[in-house]
Amino acid sequence: MLVAAGHGLAALAPGVAEGLAGTVAVRVSAPRLVHRTEIVHPRGPGEPVRALVAALAG
């Protein structure tokens, strides 16, 4: 919804964006897309944050 409303960006597999109202597909060949997850937390993260980090680090 945010992408279609002009307030977001999505990286999709080729062909997925075709036919979605309010979107435009643009093929990107460089730079290489990198998947990254960031966690912002207070100086002393609690147990839920530590558990999430451990699960993501797998």
# chains A, B, ... in the order shown; residues from 1 in each chain; ligands from 1

call {"tool": "residues_around", "arguments": {"residues": "region 10-15 of chain A", "least_positions_apart": "2", "cutoff": "9 Å", "atoms": "only C-alpha atoms", "output": "MDAnalysis selection string"}}
result
chainID A and resid 3 8 17:19 25 27 33

call {"tool": "residues_around", "arguments": {"residues": "region 52-54 of chain A", "least_positions_apart": "5", "cutoff": "12 Å", "atoms": "only C-alpha atoms", "output": "list in words"}}
result
Thr37, Glu38, Ile39, Val40, His41, Pro45, Gly46 and Glu47 of chain A

call {"tool": "closest_residue", "arguments": {"among": "A:Leu56, A:Arg43, A:Arg36, A:Ala5", "to": "Ala21 (chain A)", "atoms": "only C-alpha atoms"}}
result
A:Ala5

call {"tool": "atom_distance", "arguments": {"atom1": "CA of Leu9 (chain A)", "atom2": "CA of Pro42 (chain A)"}}
result
27.9 Å

call {"tool": "select_by_dssp", "arguments": {"residues": "chain A", "states": "alpha helix (DSSP H)", "output": "ChimeraX atom specification"}}
result
/A:47-57

call {"tool": "atom_distance", "arguments": {"atom1": "CA of Gly58 (chain A)", "atom2": "CA of Arg32 (chain A)"}}
result
23.8 Å

call {"tool": "atom_distance", "arguments": {"atom1": "CA of Val34 (chain A)", "atom2": "CA of Pro48 (chain A)"}}
result
25.9 Å

call {"tool": "decode", "arguments": {"residues": "region 10-29 of chain A", "atoms": "N, CA and C atoms", "output": "mmCIF file, in the first residue's frame"}}
result
data_model
loop_
_atom_site.group_PDB
_atom_site.id
_atom_site.type_symbol
_atom_site.label_atom_id
_atom_site.label_comp_id
_atom_site.auth_asym_id
_atom_site.auth_seq_id
_atom_site.Cartn_x
_atom_site.Cartn_y
_atom_site.Cartn_z
ATOM 1 N N ALA A 10 9.971 -0.926 -2.933
ATOM 2 C CA ALA A 10 10.007 -2.375 -2.724
ATOM 3 C C ALA A 10 10.910 -3.009 -3.766
ATOM 4 N N ALA A 11 11.678 -3.992 -3.357
ATOM 5 C CA ALA A 11 12.480 -4.800 -4.271
ATOM 6 C C ALA A 11 11.739 -6.113 -4.464
ATOM 7 N N LEU A 12 11.275 -6.344 -5.683
ATOM 8 C CA LEU A 12 10.462 -7.526 -5.976
ATOM 9 C C LEU A 12 11.103 -8.351 -7.083
ATOM 10 N N ALA A 13 10.759 -9.616 -7.134
ATOM 11 C CA ALA A 13 11.214 -10.474 -8.219
ATOM 12 C C ALA A 13 10.646 -9.959 -9.537
ATOM 13 N N PRO A 14 11.357 -10.170 -10.637
ATOM 14 C CA PRO A 14 10.858 -9.700 -11.945
ATOM 15 C C PRO A 14 9.443 -10.199 -12.210
ATOM 16 N N GLY A 15 8.603 -9.318 -12.705
ATOM 17 C CA GLY A 15 7.240 -9.686 -13.054
ATOM 18 C C GLY A 15 6.218 -9.533 -11.946
ATOM 19 N N VAL A 16 6.646 -9.409 -10.706
ATOM 20 C CA VAL A 16 5.701 -9.322 -9.594
ATOM 21 C C VAL A 16 4.956 -7.992 -9.605
ATOM 22 N N ALA A 17 5.638 -6.900 -9.937
ATOM 23 C CA ALA A 17 5.015 -5.576 -9.902
ATOM 24 C C ALA A 17 4.084 -5.327 -11.081
ATOM 25 N N GLU A 18 4.184 -6.142 -12.109
ATOM 26 C CA GLU A 18 3.323 -5.943 -13.275
ATOM 27 C C GLU A 18 1.860 -6.076 -12.885
ATOM 28 N N GLY A 19 1.067 -5.111 -13.261
ATOM 29 C CA GLY A 19 -0.358 -5.167 -12.987
ATOM 30 C C GLY A 19 -0.772 -4.591 -11.644
ATOM 31 N N LEU A 20 0.176 -4.145 -10.828
ATOM 32 C CA LEU A 20 -0.171 -3.517 -9.549
ATOM 33 C C LEU A 20 -0.437 -2.041 -9.793
ATOM 34 N N ALA A 21 -1.629 -1.593 -9.470
ATOM 35 C CA ALA A 21 -2.020 -0.204 -9.712
ATOM 36 C C ALA A 21 -1.100 0.760 -8.980
ATOM 37 N N GLY A 22 -0.684 1.811 -9.664
ATOM 38 C CA GLY A 22 0.109 2.862 -9.047
ATOM 39 C C GLY A 22 1.579 2.529 -8.881
ATOM 40 N N THR A 23 2.049 1.453 -9.515
ATOM 41 C CA THR A 23 3.462 1.089 -9.392
ATOM 42 C C THR A 23 4.131 1.088 -10.754
ATOM 43 N N VAL A 24 5.447 1.229 -10.737
ATOM 44 C CA VAL A 24 6.261 1.165 -11.941
ATOM 45 C C VAL A 24 7.418 0.227 -11.657
ATOM 46 N N ALA A 25 7.638 -0.727 -12.545
ATOM 47 C CA ALA A 25 8.754 -1.659 -12.376
ATOM 48 C C ALA A 25 10.000 -1.077 -13.043
ATOM 49 N N VAL A 26 11.118 -1.098 -12.318
ATOM 50 C CA VAL A 26 12.397 -0.636 -12.849
ATOM 51 C C VAL A 26 13.421 -1.728 -12.576
ATOM 52 N N ARG A 27 14.030 -2.260 -13.629
ATOM 53 C CA ARG A 27 15.020 -3.313 -13.471
ATOM 54 C C ARG A 27 16.316 -2.697 -12.934
ATOM 55 N N VAL A 28 16.858 -3.292 -11.874
ATOM 56 C CA VAL A 28 18.096 -2.810 -11.254
ATOM 57 C C VAL A 28 19.151 -3.896 -11.429
ATOM 58 N N SER A 29 20.273 -3.520 -12.056
ATOM 59 C CA SER A 29 21.340 -4.500 -12.230
ATOM 60 C C SER A 29 22.563 -4.172 -11.387
#
